[in-house]
Structures are given as structure tokens and as C-alpha cells.
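Coordinates from start-v3.cif are shown below (mmCIF, C-alpha atoms).
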data_data
#
loop_
_atom_site.group_PDB
_atom_site.id
_atom_site.type_symbol
_atom_site.label_atom_id
_atom_site.label_comp_id
_atom_site.auth_asym_id
_atom_site.auth_seq_id
_atom_site.Cartn_x
_atom_site.Cartn_y
_atom_site.Cartn_z
ATOM 1 C CA MET A 1 103.486 61.844 185.997
ATOM 2 C CA ILE A 2 105.504 59.907 188.543
ATOM 3 C CA SER A 3 104.448 56.378 189.503
ATOM 4 C CA LEU A 4 104.653 54.454 192.780
ATOM 5 C CA LEU A 5 107.320 52.257 191.224
ATOM 6 C CA GLN A 6 109.481 55.280 190.398
ATOM 7 C CA VAL A 7 109.148 56.577 193.958
ATOM 8 C CA ARG A 8 110.130 53.196 195.409
ATOM 9 C CA ASP A 9 113.056 52.907 192.991
ATOM 10 C CA MET A 10 114.337 56.353 193.936
ATOM 11 C CA VAL A 11 114.220 55.494 197.630
ATOM 12 C CA ALA A 12 116.094 52.259 196.849
ATOM 13 C CA LEU A 13 118.671 54.151 194.781
ATOM 14 C CA TYR A 14 119.395 56.722 197.490
ATOM 15 C CA GLY A 15 119.097 54.260 200.377
ATOM 16 C CA ARG A 16 117.330 56.824 202.568
ATOM 17 C CA THR A 17 115.447 59.840 201.370
ATOM 18 C CA ASP A 18 112.572 62.162 202.168
ATOM 19 C CA ALA A 19 109.569 63.485 200.250
ATOM 20 C CA TYR A 20 111.203 66.841 199.497
ATOM 21 C CA GLN A 21 114.141 65.266 197.623
ATOM 22 C CA ILE A 22 111.821 63.131 195.506
ATOM 23 C CA SER A 23 109.574 66.126 194.849
ATOM 24 C CA GLN A 24 112.529 68.173 193.625
ATOM 25 C CA LYS A 25 113.948 65.357 191.480
ATOM 26 C CA TYR A 26 110.693 64.681 189.621
ATOM 27 C CA SER A 27 109.219 68.222 189.775
ATOM 28 C CA ALA A 28 106.135 66.827 191.459
ATOM 29 C CA SER A 29 104.029 68.384 194.195
ATOM 30 C CA LEU A 30 105.130 67.647 197.744
ATOM 31 C CA PRO A 31 101.647 66.567 198.954
ATOM 32 C CA MET A 32 101.399 64.049 196.099
ATOM 33 C CA ILE A 33 104.820 62.561 196.914
ATOM 34 C CA GLU A 34 103.949 62.383 200.622
ATOM 35 C CA ALA A 35 100.724 60.531 199.760
ATOM 36 C CA MET A 36 102.657 58.099 197.550
ATOM 37 C CA LEU A 37 105.210 57.464 200.298
ATOM 38 C CA ASP A 38 102.380 56.849 202.783
ATOM 39 C CA LYS A 39 100.770 54.401 200.334
ATOM 40 C CA LEU A 40 104.061 52.525 199.808
ATOM 41 C CA THR A 41 104.549 52.380 203.571
ATOM 42 C CA ALA A 42 101.034 50.972 204.032
ATOM 43 C CA MET A 43 101.770 48.380 201.326
ATOM 44 C CA GLY A 44 104.896 47.310 203.221
ATOM 45 C CA LYS A 45 107.326 48.363 200.469
ATOM 46 C CA LEU A 46 108.904 51.222 202.455
ATOM 47 C CA GLU A 47 109.443 51.931 206.108
ATOM 48 C CA GLN A 48 109.789 55.190 207.953
ATOM 49 C CA ILE A 49 113.034 55.254 209.894
ATOM 50 C CA ASP A 50 114.034 56.889 213.157
ATOM 51 C CA GLN A 51 113.833 60.655 212.768
ATOM 52 C CA SER A 52 116.603 61.247 215.289
ATOM 53 C CA SER A 53 119.155 60.285 212.639
ATOM 54 C CA CYS A 54 118.902 62.566 209.632
ATOM 55 C CA LEU A 55 120.446 62.329 206.179
ATOM 56 C CA THR A 56 123.582 64.166 207.291
ATOM 57 C CA GLY A 57 124.354 61.456 209.842
ATOM 58 C CA TYR A 58 124.019 63.807 212.812
ATOM 59 C CA SER A 59 121.377 63.794 215.487
ATOM 60 C CA CYS A 60 119.153 66.861 215.398
ATOM 61 C CA LYS A 61 121.057 68.348 218.340
ATOM 62 C CA LEU A 62 124.317 68.221 216.381
ATOM 63 C CA CYS A 63 122.849 69.110 213.004
ATOM 64 C CA PRO A 64 124.619 72.013 211.257
ATOM 65 C CA GLU A 65 121.213 73.385 210.310
ATOM 66 C CA THR A 66 119.876 75.779 212.919
ATOM 67 C CA LYS A 67 116.211 74.903 212.416
ATOM 68 C CA LYS A 68 114.438 71.752 213.512
ATOM 69 C CA CYS A 69 113.709 69.808 210.353
ATOM 70 C CA ASN A 70 111.421 67.010 211.671
ATOM 71 C CA LEU A 71 111.710 65.086 208.403
ATOM 72 C CA LYS A 72 110.017 61.805 207.643
ATOM 73 C CA ILE A 73 112.816 59.691 206.209
ATOM 74 C CA TYR A 74 112.079 56.503 204.267
ATOM 75 C CA GLN A 75 114.005 53.426 203.211
ATOM 76 C CA VAL A 76 113.088 50.222 201.406
ATOM 77 C CA THR A 77 111.745 47.567 203.759
ATOM 78 C CA THR A 78 114.297 44.901 204.580
ATOM 79 C CA LEU A 79 113.133 41.316 204.522
#
Rewrite the structure of this file - the entire thing - as C-alpha cells.
Amino acid sequence: MISLLQVRDMVALYGRTDAYQISQKYSASLPMIEAMLDKLTAMGKLEQIDQSSCLTGYSCKLCPETKKCNLKIYQVTTL
């Protein structure tokens, strides 16, 4: 079973990531990972970043994907 520390470490390793990537990496359920990310955000360990800039570096208007992704993207909180 994945721990909060492992989730935070994975976000730190990737710089920016979303719940789906973590879910796939650890073979964990998406709702559980989303709850863990919400908990880490509430604890001040992670922050949700602007959704207009996705992982590909494009704005949603310029994204090569044809669907609207509306991802919640997280990064480690900077002090």
C-alpha cells in the first residue's frame, strides 16, 4: 500500500504531476491517490498549480490532445 510520504516523494521527483500518473506508477486506485493528494495539500506539503499550463507545456488551447483534460496538477510547496 502506498503511503503519503511516497506520494509526496513522487511529486518531488517528477516536479509536477497529477493523480493519474501516480495511480499508474503504484497501481493504486485513482480516488485513493486523489484523497492523498488533497490531504498533502491541506497539510501544506503540496500545492495545486495553475491548470492553464499542463504537463506538456502548452496551454489547453494549444494542447495536441483534442479533449479538455482539466487536470489537477501538483508540485511540492516552495518555502
Using only C-alpha atoms, which residues sit within 10 Å of Ser3 (chain A) once same-chain residues fewer than 4 positions away are excluded, as a short mmCIF file (atom, residue, chain, number, x, y, z; two decimals) with C-alpha atoms, in the coordinates of the input?
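New file part-v9.cif:
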data_model
loop_
_atom_site.label_atom_id
_atom_site.label_comp_id
_atom_site.auth_asym_id
_atom_site.auth_seq_id
_atom_site.Cartn_x
_atom_site.Cartn_y
_atom_site.Cartn_z
CA VAL A 7 109.15 56.58 193.96
CA ARG A 8 110.13 53.20 195.41
CA ASP A 9 113.06 52.91 192.99
CA ILE A 33 104.82 62.56 196.91
CA MET A 36 102.66 58.10 197.55
#
Review point. Which polymer residues have any atom within 10 Å of an atom of Val11 (chain A), counting all atoms listed in the file, with same-chain residues fewer than 2 positions away left out, as a PyMOL selection string?
Key: chain A and resi 5-9+13-19+21-22+37+46+73-76
Review point. Separation of CA of Leu4 (chain A) and CA of Asp38 (chain A), in Å?
Key: 10.5 Å
Point to revise | Hits from the PyMOL selection byres ((chain A and resi 1) around 9), listed as a list in words | key: Ile2, Ser3, Tyr26 and Ala28 of chain A
